[in-house]
$ cat model_13.cif   # mmCIF, C-alpha atoms
data_structure
#
loop_
_atom_site.label_atom_id
_atom_site.label_comp_id
_atom_site.auth_asym_id
_atom_site.auth_seq_id
_atom_site.Cartn_x
_atom_site.Cartn_y
_atom_site.Cartn_z
CA MET A 84 -56.07 44.71 -20.75
CA ASP A 85 -57.25 46.19 -24.03
CA ALA A 86 -60.58 47.76 -24.86
CA VAL A 87 -62.37 44.43 -25.06
CA PRO A 88 -64.00 42.26 -22.38
CA HIS A 89 -62.01 39.99 -20.09
CA THR A 90 -59.70 37.68 -21.94
CA ALA A 91 -57.91 34.64 -20.64
CA HIS A 92 -59.75 33.74 -17.49
CA PRO A 93 -62.33 35.18 -15.11
CA SER A 94 -59.77 35.62 -12.34
CA ARG A 95 -56.46 36.06 -14.15
CA ARG A 96 -54.55 36.36 -10.90
CA GLY A 97 -56.22 33.21 -9.60
CA VAL A 98 -55.37 31.13 -6.55
CA LEU A 99 -52.07 29.25 -6.55
CA ARG A 100 -52.42 25.51 -6.37
CA ALA A 101 -50.22 24.65 -3.36
CA GLY A 102 -50.38 20.89 -3.97
CA GLY A 103 -49.18 21.08 -7.57
CA GLY A 104 -45.55 20.42 -6.82
CA LEU A 105 -46.28 17.25 -4.84
CA ALA A 106 -48.55 15.85 -7.53
CA LEU A 107 -46.01 16.62 -10.22
CA ALA A 108 -43.21 15.03 -8.26
CA ALA A 109 -45.16 11.80 -8.49
CA ALA A 110 -45.77 12.40 -12.19
CA ALA A 111 -42.13 13.20 -12.89
CA GLY A 112 -41.22 9.56 -13.33
CA VAL A 113 -43.85 8.95 -16.00
CA THR A 114 -42.28 8.12 -19.34
CA ALA A 115 -45.34 7.10 -21.33
CA SER A 116 -46.06 9.37 -24.27
CA GLY A 117 -49.28 10.81 -25.62
CA CYS A 118 -48.19 10.19 -29.24
CA ALA A 119 -50.87 9.76 -31.87
CA ALA A 120 -50.87 6.86 -34.33
CA GLY A 121 -48.13 7.30 -36.93
CA THR A 122 -44.37 7.30 -36.80
CA ASP A 123 -42.40 6.69 -33.63
CA ASP A 124 -41.46 10.37 -33.44
CA GLY A 125 -45.10 11.50 -33.17
CA GLY A 126 -45.52 12.49 -36.81
CA ALA A 127 -47.94 11.03 -39.34
CA ALA A 128 -46.89 8.71 -42.16
CA ASP A 129 -47.41 11.48 -44.75
CA GLY A 130 -44.95 13.77 -42.99
CA LYS A 131 -47.58 16.07 -41.52
CA VAL A 132 -47.72 16.70 -37.80
CA THR A 133 -50.73 17.50 -35.60
CA ILE A 134 -50.05 19.09 -32.23
CA GLU A 135 -52.55 19.55 -29.41
CA MET A 136 -52.68 22.84 -27.52
CA TRP A 137 -54.55 23.21 -24.22
CA HIS A 138 -55.05 26.95 -24.27
CA GLY A 139 -57.30 27.84 -21.29
CA GLN A 140 -58.67 30.94 -23.03
CA THR A 141 -62.24 32.19 -23.30
CA GLU A 142 -64.14 34.51 -25.60
CA THR A 143 -61.96 37.28 -27.01
CA ALA A 144 -58.59 35.65 -26.32
CA LYS A 145 -59.79 32.36 -27.79
CA LYS A 146 -60.88 34.14 -30.98
CA ALA A 147 -57.51 35.86 -31.21
CA LEU A 148 -55.75 32.52 -30.77
CA GLU A 149 -57.92 30.87 -33.43
CA LYS A 150 -57.05 33.71 -35.81
CA LEU A 151 -53.33 33.24 -35.16
CA VAL A 152 -53.53 29.45 -35.53
CA ALA A 153 -55.25 29.81 -38.91
CA ARG A 154 -52.51 32.19 -40.02
CA PHE A 155 -49.81 29.80 -38.79
CA GLU A 156 -51.31 26.81 -40.58
CA ARG A 157 -51.41 28.74 -43.86
CA SER A 158 -47.69 29.47 -43.61
CA HIS A 159 -46.81 26.04 -42.16
CA PRO A 160 -48.97 23.58 -44.13
CA ASP A 161 -47.26 20.52 -42.64
CA ILE A 162 -48.30 21.43 -39.07
CA LYS A 163 -51.86 21.41 -37.75
CA VAL A 164 -52.62 22.93 -34.35
CA LYS A 165 -55.59 21.39 -32.56
CA LEU A 166 -56.98 23.70 -29.87
CA GLY A 167 -58.58 22.07 -26.84
CA GLY A 168 -58.09 21.18 -23.20
CA GLY A 169 -61.61 21.77 -21.99
CA VAL A 170 -60.63 23.83 -18.94
CA LEU A 171 -59.90 27.48 -18.18
CA ALA A 172 -56.36 28.51 -17.36
CA ASP A 173 -57.14 28.56 -13.62
CA ALA A 174 -57.59 24.77 -13.74
CA MET A 175 -54.81 23.99 -16.21
CA LEU A 176 -52.23 22.86 -13.67
CA GLN A 177 -54.50 20.14 -12.32
CA LYS A 178 -55.46 19.06 -15.83
CA VAL A 179 -51.86 18.83 -17.04
CA THR A 180 -50.70 17.15 -13.83
CA ALA A 181 -53.33 14.45 -14.25
CA GLY A 182 -52.36 14.06 -17.91
CA LEU A 183 -48.70 13.61 -17.05
CA ALA A 184 -49.55 11.00 -14.44
CA ALA A 185 -51.71 9.13 -16.98
CA GLY A 186 -49.21 9.48 -19.83
CA SER A 187 -51.66 11.50 -21.94
CA TYR A 188 -50.80 15.16 -22.15
CA PRO A 189 -50.77 17.95 -24.74
CA ASP A 190 -47.92 19.28 -26.83
CA ILE A 191 -48.45 22.82 -25.54
CA ALA A 192 -50.29 24.08 -22.46
CA TYR A 193 -50.99 27.54 -21.03
CA ILE A 194 -49.31 27.44 -17.62
CA PHE A 195 -49.21 30.29 -15.11
CA GLY A 196 -45.67 31.50 -14.52
CA SER A 197 -46.08 30.90 -10.80
CA ASP A 198 -46.71 27.21 -11.56
CA LEU A 199 -43.87 26.64 -14.00
CA ALA A 200 -41.27 25.54 -11.45
CA SER A 201 -43.62 22.87 -10.14
CA ILE A 202 -44.48 21.48 -13.56
CA ALA A 203 -40.91 21.68 -14.85
CA VAL A 204 -39.92 18.80 -12.54
CA SER A 205 -41.47 16.52 -15.15
CA PRO A 206 -38.96 15.19 -17.71
CA GLN A 207 -41.70 15.58 -20.32
CA VAL A 208 -41.36 19.39 -20.16
CA ALA A 209 -39.10 20.59 -22.97
CA ASP A 210 -36.02 22.77 -22.55
CA LEU A 211 -36.61 25.69 -24.93
CA SER A 212 -33.30 27.46 -24.32
CA ASP A 213 -32.00 26.89 -27.86
CA THR A 214 -35.39 27.65 -29.39
CA VAL A 215 -35.86 31.09 -27.86
CA ARG A 216 -32.22 32.10 -28.21
CA SER A 217 -32.05 31.21 -31.89
CA GLY A 218 -35.24 33.02 -32.88
CA PRO A 219 -35.23 36.03 -35.24
CA THR A 220 -35.89 38.41 -32.33
CA PRO A 221 -32.91 38.48 -29.95
CA TRP A 222 -33.77 36.96 -26.57
CA THR A 223 -32.40 40.07 -24.89
CA ASN A 224 -34.97 42.18 -26.76
CA TYR A 225 -37.74 40.55 -24.71
CA TRP A 226 -38.60 42.30 -21.47
CA ALA A 227 -36.68 40.96 -18.47
CA PRO A 228 -39.88 39.79 -16.70
CA ALA A 229 -40.84 37.71 -19.76
CA ARG A 230 -37.40 36.05 -19.77
CA ASP A 231 -37.12 35.59 -16.01
CA ALA A 232 -40.56 34.03 -15.64
CA VAL A 233 -39.74 31.14 -17.99
CA THR A 234 -36.23 30.44 -16.69
CA VAL A 235 -35.80 27.62 -14.17
CA LYS A 236 -32.30 26.88 -12.87
CA GLY A 237 -30.75 28.66 -15.83
CA LYS A 238 -32.80 26.85 -18.49
CA VAL A 239 -35.72 28.27 -20.46
CA ARG A 240 -38.52 25.82 -19.71
CA ALA A 241 -41.37 27.57 -21.54
CA ALA A 242 -42.12 30.37 -23.98
CA PRO A 243 -43.57 33.61 -22.59
CA ALA A 244 -47.26 33.86 -23.46
CA LEU A 245 -48.68 36.86 -21.64
CA LEU A 246 -47.15 39.85 -19.88
CA ASP A 247 -48.63 42.37 -17.44
CA SER A 248 -47.65 44.76 -14.64
CA LEU A 249 -49.19 46.52 -11.65
CA ALA A 250 -50.00 50.22 -11.33
CA VAL A 251 -52.62 52.32 -9.55
CA VAL A 252 -55.82 53.40 -11.29
CA CYS A 253 -57.61 56.40 -9.77
CA ASN A 254 -61.22 57.56 -10.07
CA LYS A 255 -60.80 61.20 -11.14
CA LYS A 256 -64.34 62.15 -10.08
CA LEU A 257 -63.72 61.10 -6.48
CA PHE A 258 -60.41 62.95 -6.42
CA ARG A 259 -62.17 66.13 -7.60
CA GLU A 260 -64.89 65.75 -4.99
CA ALA A 261 -62.25 65.31 -2.26
CA ASP A 262 -60.33 68.30 -3.64
CA LEU A 263 -57.20 66.16 -4.02
CA PRO A 264 -54.57 66.39 -6.78
CA LEU A 265 -54.10 63.27 -8.84
CA PRO A 266 -50.95 61.36 -7.85
CA ALA A 267 -47.92 61.39 -10.11
CA ALA A 268 -44.90 59.17 -10.64
CA GLY A 269 -42.53 59.29 -7.68
CA TRP A 270 -45.19 59.33 -4.98
CA THR A 271 -44.64 57.31 -1.80
CA TRP A 272 -46.55 54.69 0.12
CA GLN A 273 -47.13 57.30 2.81
CA ASP A 274 -48.72 59.48 0.13
CA PHE A 275 -50.86 56.49 -0.83
CA GLN A 276 -51.98 55.93 2.75
CA ASP A 277 -52.76 59.62 3.30
CA THR A 278 -54.65 59.85 0.01
CA ALA A 279 -56.68 56.72 0.74
CA LYS A 280 -57.69 58.15 4.12
CA LYS A 281 -58.78 61.46 2.59
CA LEU A 282 -60.78 59.72 -0.12
CA THR A 283 -62.67 57.59 2.41
CA ASP A 284 -66.20 58.70 3.30
CA LYS A 285 -67.90 56.13 5.51
CA GLY A 286 -71.19 58.00 5.43
CA ARG A 287 -71.35 57.66 1.66
CA GLY A 288 -69.95 54.13 1.59
CA ARG A 289 -66.72 55.20 -0.09
CA PHE A 290 -63.29 53.65 0.33
CA GLY A 291 -59.89 55.05 -0.47
CA THR A 292 -58.64 51.78 -1.90
CA GLY A 293 -59.14 48.02 -1.82
CA TRP A 294 -57.16 44.87 -1.09
CA PRO A 295 -57.99 41.22 -1.84
CA GLY A 296 -58.64 39.44 1.43
CA ALA A 297 -59.05 35.79 0.41
CA GLY A 298 -55.46 34.92 1.34
CA ASP A 299 -54.66 33.72 -2.18
CA GLU A 300 -52.01 34.90 -4.63
CA ASP A 301 -54.13 37.92 -5.48
CA THR A 302 -53.74 38.97 -1.84
CA VAL A 303 -49.98 38.46 -1.97
CA TRP A 304 -48.49 39.74 -5.16
CA ARG A 305 -49.29 43.39 -4.49
CA LEU A 306 -46.91 43.16 -1.53
CA TRP A 307 -43.76 42.07 -3.38
CA PRO A 308 -42.94 45.48 -4.94
CA MET A 309 -42.76 46.91 -1.41
CA ILE A 310 -40.44 44.09 -0.32
CA TRP A 311 -38.13 44.60 -3.30
CA ASP A 312 -38.10 48.37 -2.88
CA LEU A 313 -37.05 47.92 0.75
CA GLY A 314 -34.11 45.76 -0.30
CA GLY A 315 -35.70 42.42 0.53
CA ASP A 316 -36.53 39.46 -1.66
CA VAL A 317 -39.10 36.70 -1.72
CA ILE A 318 -36.52 33.97 -1.10
CA ALA A 319 -33.08 34.62 0.38
CA PRO A 320 -29.90 33.63 -1.47
CA GLY A 321 -29.40 29.91 -1.07
CA GLY A 322 -33.12 29.23 -1.24
CA LYS A 323 -33.53 27.95 2.32
CA SER A 324 -35.35 30.87 3.95
CA ILE A 325 -37.45 33.91 3.14
CA GLY A 326 -35.71 37.09 2.07
CA PHE A 327 -38.07 39.54 3.77
CA ALA A 328 -37.64 38.85 7.47
CA ASP A 329 -36.90 42.55 8.04
CA SER A 330 -38.54 44.38 5.14
CA GLY A 331 -41.74 42.34 5.49
CA VAL A 332 -42.73 44.12 8.71
CA ARG A 333 -42.56 47.53 7.03
CA ALA A 334 -44.63 46.28 4.09
CA PHE A 335 -47.22 44.78 6.45
CA GLU A 336 -47.35 48.13 8.25
CA VAL A 337 -48.72 49.76 5.09
CA VAL A 338 -51.53 47.21 4.99
CA ASP A 339 -52.06 47.66 8.72
CA ALA A 340 -52.32 51.46 8.37
CA LEU A 341 -54.94 51.17 5.64
CA ALA A 342 -56.95 48.78 7.80
CA ARG A 343 -56.71 50.93 10.93
CA ASP A 344 -57.78 54.00 8.96
CA GLU A 345 -60.73 51.97 7.64
CA SER A 346 -59.81 53.28 4.20
CA VAL A 347 -59.50 49.87 2.53
CA TYR A 348 -62.27 47.68 1.15
CA ILE A 349 -61.37 44.06 1.93
CA ASP A 350 -62.69 41.62 -0.67
CA PRO A 351 -63.23 38.27 1.04
CA LYS A 352 -63.76 36.26 -2.15
CA PRO A 353 -61.15 34.89 -4.59
CA GLY A 354 -60.80 36.77 -7.85
CA SER A 355 -61.26 40.31 -6.44
CA GLU A 356 -64.44 40.76 -8.46
CA GLN A 357 -66.25 42.49 -5.58
CA MET A 358 -63.34 44.88 -5.07
CA TYR A 359 -63.37 45.87 -8.72
CA GLN A 360 -67.14 46.28 -8.70
CA VAL A 361 -66.82 48.71 -5.79
CA PHE A 362 -64.27 50.70 -7.79
CA MET A 363 -66.29 50.68 -10.99
CA SER A 364 -69.46 51.70 -9.18
CA GLY A 365 -67.75 54.90 -8.05
CA ARG A 366 -67.27 53.95 -4.39
CA MET A 367 -63.48 53.51 -4.38
CA GLY A 368 -60.84 56.12 -5.16
CA MET A 369 -57.82 53.96 -6.07
CA THR A 370 -57.19 50.37 -7.05
CA LEU A 371 -53.90 48.54 -7.45
CA THR A 372 -54.44 46.56 -10.63
CA GLY A 373 -53.09 45.51 -14.01
CA PRO A 374 -53.90 46.37 -17.61
CA TRP A 375 -56.36 43.47 -17.79
CA GLN A 376 -58.82 45.57 -15.76
CA LEU A 377 -58.85 48.60 -18.09
CA PRO A 378 -61.54 47.24 -20.46
CA ASP A 379 -64.01 46.75 -17.59
CA ILE A 380 -63.17 50.18 -16.15
CA GLN A 381 -63.76 51.77 -19.54
CA GLN A 382 -66.99 49.85 -20.03
CA ALA A 383 -68.18 51.16 -16.65
CA LYS A 384 -67.46 54.69 -17.97
CA VAL A 385 -65.16 55.56 -15.08
CA ASP A 386 -63.13 58.71 -15.73
CA TYR A 387 -59.78 57.32 -14.63
CA HIS A 388 -56.10 58.13 -14.29
CA ALA A 389 -53.27 55.57 -14.17
CA VAL A 390 -50.07 56.19 -12.23
CA PRO A 391 -47.05 53.98 -11.37
CA LEU A 392 -47.02 52.21 -8.02
CA PRO A 393 -45.86 54.23 -5.02
CA SER A 394 -42.50 53.39 -3.46
CA PHE A 395 -40.54 53.97 -0.28
CA SER A 396 -37.35 54.99 -2.06
CA GLY A 397 -38.61 57.09 -4.94
CA ARG A 398 -37.29 54.50 -7.39
CA PRO A 399 -39.84 52.95 -9.76
CA VAL A 400 -40.62 49.31 -9.00
CA THR A 401 -43.50 47.04 -9.89
CA ILE A 402 -44.30 43.37 -10.41
CA SER A 403 -45.16 41.41 -13.52
CA GLY A 404 -46.95 38.08 -13.49
CA PRO A 405 -46.22 36.50 -16.88
CA ASP A 406 -47.90 33.33 -18.09
CA THR A 407 -46.35 30.72 -20.36
CA TRP A 408 -46.75 28.37 -23.29
CA THR A 409 -45.15 25.19 -21.93
CA VAL A 410 -44.06 22.53 -24.44
CA PHE A 411 -44.15 18.78 -23.74
CA ASP A 412 -42.35 15.84 -25.35
CA ASN A 413 -44.71 13.67 -27.36
CA GLY A 414 -42.04 12.46 -29.76
CA SER A 415 -39.45 14.46 -31.68
CA ALA A 416 -41.68 15.45 -34.60
CA ARG A 417 -44.46 16.79 -32.41
CA GLU A 418 -42.06 18.47 -30.02
CA GLN A 419 -40.29 20.20 -32.91
CA ALA A 420 -43.63 21.32 -34.37
CA ALA A 421 -44.65 22.70 -30.97
CA ARG A 422 -41.34 24.56 -30.70
CA THR A 423 -41.92 26.01 -34.16
CA PHE A 424 -45.38 27.23 -33.20
CA VAL A 425 -44.49 28.86 -29.87
CA SER A 426 -41.41 30.50 -31.40
CA TRP A 427 -43.62 31.88 -34.18
CA MET A 428 -46.16 33.14 -31.61
CA MET A 429 -43.44 35.06 -29.76
CA GLN A 430 -42.35 37.06 -32.79
CA PRO A 431 -43.48 40.71 -32.92
CA GLY A 432 -45.79 40.30 -35.93
CA GLN A 433 -47.85 37.67 -34.12
CA ASP A 434 -47.29 38.97 -30.61
CA VAL A 435 -48.79 42.35 -31.45
CA VAL A 436 -51.98 40.67 -32.70
CA TRP A 437 -52.22 38.75 -29.42
CA ASP A 438 -51.42 41.92 -27.43
CA VAL A 439 -54.02 44.10 -29.14
CA GLU A 440 -56.79 41.53 -29.46
CA ALA A 441 -56.25 39.30 -26.41
CA GLY A 442 -54.92 41.74 -23.85
CA SER A 443 -51.23 41.18 -23.17
CA LEU A 444 -48.53 43.80 -22.90
CA PRO A 445 -45.87 43.41 -25.63
CA LEU A 446 -43.40 40.62 -24.92
CA SER A 447 -40.53 42.48 -26.56
CA ARG A 448 -39.40 45.99 -27.32
CA ARG A 449 -39.78 45.24 -31.02
CA ALA A 450 -43.43 44.36 -30.49
CA GLN A 451 -43.90 47.54 -28.45
CA ASP A 452 -42.51 49.58 -31.36
CA MET A 453 -44.91 48.14 -33.91
CA PRO A 454 -47.50 50.61 -35.30
CA ALA A 455 -50.44 48.47 -34.21
CA TRP A 456 -49.32 48.59 -30.58
CA GLN A 457 -48.47 52.29 -30.74
CA ARG A 458 -52.00 52.98 -31.98
CA LYS A 459 -53.45 50.80 -29.23
CA ALA A 460 -51.44 52.58 -26.53
CA ALA A 461 -52.42 55.99 -27.89
CA ASP A 462 -56.11 55.06 -27.91
CA THR A 463 -56.19 53.46 -24.43
CA GLU A 464 -55.86 55.77 -21.44
CA GLY A 465 -53.23 54.53 -19.01
CA LEU A 466 -51.91 51.68 -21.12
CA ALA A 467 -48.57 53.42 -21.65
CA VAL A 468 -48.11 53.57 -17.85
CA PHE A 469 -48.35 49.78 -17.57
CA THR A 470 -46.03 49.27 -20.54
CA LYS A 471 -43.36 51.66 -19.24
CA ALA A 472 -43.52 49.87 -15.88
CA LEU A 473 -42.02 46.81 -17.58
CA GLU A 474 -38.69 48.64 -17.60
CA THR A 475 -38.37 48.13 -13.84
CA ALA A 476 -40.71 45.19 -13.27
CA ARG A 477 -39.64 42.05 -11.45
CA VAL A 478 -41.20 38.61 -11.22
CA ARG A 479 -41.81 36.21 -8.40
CA PRO A 480 -39.12 33.52 -8.05
CA VAL A 481 -39.56 30.49 -10.26
CA HIS A 482 -39.19 28.15 -7.30
CA PRO A 483 -41.18 24.99 -6.49
CA ALA A 484 -41.78 26.15 -2.89
CA TYR A 485 -43.23 29.49 -3.96
CA PRO A 486 -46.85 28.32 -3.54
CA GLN A 487 -46.17 27.48 0.11
CA VAL A 488 -44.41 30.84 0.67
CA SER A 489 -47.34 32.61 -0.95
CA LYS A 490 -49.83 30.75 1.21
CA ALA A 491 -47.98 31.81 4.38
CA VAL A 492 -47.82 35.43 3.23
CA GLY A 493 -51.48 35.42 2.23
CA GLU A 494 -52.54 34.22 5.67
CA ALA A 495 -50.36 36.90 7.29
CA VAL A 496 -51.76 39.71 5.13
CA VAL A 497 -55.34 38.67 5.92
CA ALA A 498 -54.54 38.54 9.64
CA VAL A 499 -53.25 42.12 9.46
CA LEU A 500 -56.12 43.35 7.27
CA LEU A 501 -58.69 41.97 9.70
CA GLY A 502 -56.88 43.25 12.80
CA ARG A 503 -56.18 39.75 14.08
CA SER A 504 -52.42 40.25 14.27
CA THR A 505 -49.81 42.98 14.36
CA PRO A 506 -47.38 43.26 11.45
CA ALA A 507 -44.50 41.90 13.55
CA LYS A 508 -46.45 38.87 14.84
CA ALA A 509 -47.88 38.15 11.40
CA LEU A 510 -44.40 38.24 9.90
CA ARG A 511 -43.06 35.81 12.49
CA ALA A 512 -45.85 33.33 11.84
CA CYS A 513 -45.37 33.74 8.10
CA ALA A 514 -41.62 33.17 8.39
CA ASP A 515 -42.08 29.99 10.42
CA SER A 516 -44.38 28.42 7.82
CA ALA A 517 -42.49 29.64 4.76
CA ASN A 518 -39.06 28.71 6.08
CA ALA A 519 -40.30 25.20 6.90
CA ALA A 520 -41.44 24.80 3.30
CA LEU A 521 -38.18 26.16 1.93
CA ALA A 522 -36.13 23.82 4.13
CA VAL A 523 -37.52 20.75 2.35
CA PRO A 524 -34.85 19.38 -0.05
CA ARG A 525 -35.82 19.73 -3.73
#
$ encode --input "model_13.cif" --output "structure tokens"
Amino acid sequence: MDAVPHTAHPSRRGVLRAGGGLALAAAAGVTASGCAAGTDDGGAADGKVTIEMWHGQTETAKKALEKLVARFERSHPDIKVKLGGGVLADAMLQKVTAGLAAGSYPDIAYIFGSDLASIAVSPQVADLSDTVRSGPTPWTNYWAPARDAVTVKGKVRAAPALLDSLAVVCNKKLFREADLPLPAAGWTWQDFQDTAKKLTDKGRGRFGTGWPGAGDEDTVWRLWPMIWDLGGDVIAPGGKSIGFADSGVRAFEVVDALARDESVYIDPKPGSEQMYQVFMSGRMGMTLTGPWQLPDIQQAKVDYHAVPLPSFSGRPVTISGPDTWTVFDNGSAREQAARTFVSWMMQPGQDVVWDVEAGSLPLSRRAQDMPAWQRKAADTEGLAVFTKALETARVRPVHPAYPQVSKAVGEAVVAVLLGRSTPAKALRACADSANAALAVPR
């Protein structure tokens, strides 16, 4: 995301845990608390409060978080933040689910936005609606994707922690060699297909573009901007069926065309690391990615150009996959301390440190306007493209059946990529599985 190595997790767009909702449904009835020795409200006898934060971060992001925690503790001497958890963010859902079932869980955990609906079924998950709406930065000043990703059934069930978006990054050298102009905002998916075909050179082992082919969420979320642009939605109004029964075929046809042209590198492994290695080694012309990949691209010394996603309509549309700081009830004192910390983290002065050093896009317009972020954007090629995309970005639905919908879509995309199914047949199979999942009462 910024000009430092990978931040939060090795595969930030990692696989969705489809079983999370079932496990959490069992945990939802747990009322035991993880309170430490002290007062009944979770505080210590001397009035000081220690909260535990399972952060899931590695290396650079962990250092940035440690820096922010030290700053917080200096300005809030009665609150101590203990960082731990022992797992990366990709495994946090399982860790927290087990903790809820055992009655021993943290005060704050880093939860993927796509998992929030599943974990919010637990009564131990706090409602932060009053907290975020009473903060010094107006809630409406935060980007819509940041707000939407933490809202479940009208209530704010977490604080936004990390924000991103999707765009296309192009290898300028390969475009020059193919005598192709670099794409610009307003291009179409047909332009993308044609460009990928022209960039492909089988004799030299070059691909026009790439697509994750493991069938996981990384395979899926690149498809949603097409669905939205075509007037569809992930889940139809009412929540009982998919909202892309028609538009899904057209979106699958783009994937199908890339596969038939043999212009797409299909990465069979989760995490898309092979796909990115192909791009960074100079054997791929375009990659659909987020700002988290820019540091690696820069480190590989790729001369690159970033451009907004193509569309069918000419209107800008992209997707954001925010992650969250989810707060849990371990007694009123600890819960209030956790609320204080996450609210403090969201404010522009702290957010911009996290953005610049750990690799998020700004959570709010105020953070975007801060000099530190403006310098960062000016010094990082393409970063402004990802930030501007937040103006029209949407998020996946915060719905407990989303993992099952995603799994069905992922299987359909892989079937099309590998030539095992036509777009229409793949969509029908996808709809059958996804609609069955959505029909289950929740």
$ closest_residue --input "model_13.cif" --among "A:Ser394, A:Lys490, A:Met136, A:Asp301" --to "Tyr188 in chain A" --atoms "only C-alpha atoms"
A:Met136
$ resolve_selection --input "model_13.cif" --expression "the PyMOL selection byres ((chain A and resi 158-161) around 9)" --output "list in words"
Gly130, Lys131, Val132, Thr133, Ala153, Arg154, Phe155, Glu156, Arg157, Ile162 and Lys163 of chain A
$ closest_atom_pairs --input "model_13.cif" --of "range 234-288 of chain A" --to "range 462-484 of chain A" --cutoff "10 Å" --atoms "all atoms listed in the file" --output "JSON lines"
{"residue": "A:Thr234", "atom": "CA", "partner": "A:Val481", "partner_atom": "CA", "distance": 7.2}
{"residue": "A:Val235", "atom": "CA", "partner": "A:Val481", "partner_atom": "CA", "distance": 6.1}
{"residue": "A:Lys236", "atom": "CA", "partner": "A:Val481", "partner_atom": "CA", "distance": 8.5}
{"residue": "A:Leu246", "atom": "CA", "partner": "A:Leu473", "partner_atom": "CA", "distance": 8.9}
{"residue": "A:Asp247", "atom": "CA", "partner": "A:Phe469", "partner_atom": "CA", "distance": 7.4}
{"residue": "A:Ser248", "atom": "CA", "partner": "A:Phe469", "partner_atom": "CA", "distance": 5.9}
{"residue": "A:Leu249", "atom": "CA", "partner": "A:Phe469", "partner_atom": "CA", "distance": 6.8}
{"residue": "A:Ala250", "atom": "CA", "partner": "A:Phe469", "partner_atom": "CA", "distance": 6.5}
{"residue": "A:Val251", "atom": "CA", "partner": "A:Phe469", "partner_atom": "CA", "distance": 9.4}
{"residue": "A:Val252", "atom": "CA", "partner": "A:Gly465", "partner_atom": "CA", "distance": 8.2}
{"residue": "A:Ala268", "atom": "CA", "partner": "A:Val468", "partner_atom": "CA", "distance": 9.7}
$ closest_residue --input "model_13.cif" --among "A:Asp210, A:Glu494, A:Asp438, A:Asp198" --to "Leu510 in chain A" --atoms "all atoms listed in the file"
A:Glu494
$ resolve_selection --input "model_13.cif" --expression "the PyMOL selection byres ((chain A and resi 441-449) around 6)" --output "list in words"
Met84, Asp85, Thr90, Ala144, Asn224, Tyr225, Trp226, Leu245, Leu246, Asp247, Trp437, Asp438, Val439, Glu440, Ala450, Gln451 and Asp452 of chain A
$ write_last_selection --input "model_13.cif" --atoms "C-alpha atoms" --output "PDB file, keeping the file's coordinate frame"
ATOM      1  CA  MET A  84     -56.070  44.710 -20.750  1.00  0.00           C
ATOM      2  CA  ASP A  85     -57.250  46.190 -24.030  1.00  0.00           C
ATOM      3  CA  THR A  90     -59.700  37.680 -21.940  1.00  0.00           C
ATOM      4  CA  ALA A 144     -58.590  35.650 -26.320  1.00  0.00           C
ATOM      5  CA  ASN A 224     -34.970  42.180 -26.760  1.00  0.00           C
ATOM      6  CA  TYR A 225     -37.740  40.550 -24.710  1.00  0.00           C
ATOM      7  CA  TRP A 226     -38.600  42.300 -21.470  1.00  0.00           C
ATOM      8  CA  LEU A 245     -48.680  36.860 -21.640  1.00  0.00           C
ATOM      9  CA  LEU A 246     -47.150  39.850 -19.880  1.00  0.00           C
ATOM     10  CA  ASP A 247     -48.630  42.370 -17.440  1.00  0.00           C
ATOM     11  CA  TRP A 437     -52.220  38.750 -29.420  1.00  0.00           C
ATOM     12  CA  ASP A 438     -51.420  41.920 -27.430  1.00  0.00           C
ATOM     13  CA  VAL A 439     -54.020  44.100 -29.140  1.00  0.00           C
ATOM     14  CA  GLU A 440     -56.790  41.530 -29.460  1.00  0.00           C
ATOM     15  CA  ALA A 450     -43.430  44.360 -30.490  1.00  0.00           C
ATOM     16  CA  GLN A 451     -43.900  47.540 -28.450  1.00  0.00           C
ATOM     17  CA  ASP A 452     -42.510  49.580 -31.360  1.00  0.00           C
TER      18      ASP A 452
END
$ resolve_selection --input "model_13.cif" --expression "the PyMOL selection byres ((chain A and resi 313-329) around 6)" --output "compact mmCIF listing (two decimals) with C-alpha atoms, in the coordinates of the input"
# COMPACT_ATOMS: atom_id res chain seq x y z
CA ILE A 310 -40.44 44.09 -0.32
CA TRP A 311 -38.13 44.60 -3.30
CA ASP A 312 -38.10 48.37 -2.88
CA SER A 330 -38.54 44.38 5.14
CA GLY A 331 -41.74 42.34 5.49
CA ASN A 518 -39.06 28.71 6.08
CA LEU A 521 -38.18 26.16 1.93
CA ALA A 522 -36.13 23.82 4.13
$ residues_around --input "model_13.cif" --residues "Lys256 in chain A" --least-positions-apart "6" --cutoff "12 Å" --atoms "only C-alpha atoms" --output "list in words"
Asp262, Leu263, Pro264, Leu265, Leu282, Phe362, Met363, Ser364, Gly365, Arg366, Met367, Gly368, Met369, Lys384, Val385, Asp386, Tyr387 and His388 of chain A
$ closest_residue --input "model_13.cif" --among "A:Ala512, A:Leu166, A:Val332, A:Ile202" --to "Leu183 in chain A" --atoms "all atoms listed in the file"
A:Ile202
$ atom_distance --input "model_13.cif" --atom1 "CA of Gly432 in chain A" --atom2 "CA of Gly373 in chain A"
23.7 Å
$ atom_distance --input "model_13.cif" --atom1 "CA of Ala491 in chain A" --atom2 "CA of Asp350 in chain A"
18.4 Å
$ atom_distance --input "model_13.cif" --atom1 "CA of Thr283 in chain A" --atom2 "CA of Val347 in chain A"
8.3 Å
$ residues_near_point --input "model_13.cif" --point "(-48.9, 39.6, 15.2)" --cutoff "12 Å" --atoms "only C-alpha atoms" --output "NGL selection string"
:A and (332 or 335-336 or 339 or 494-514)
$ closest_residue --input "model_13.cif" --among "A:Thr271, A:Ser346, A:Thr278, A:Ser489" --to "Phe258 in chain A" --atoms "all atoms listed in the file"
A:Thr278
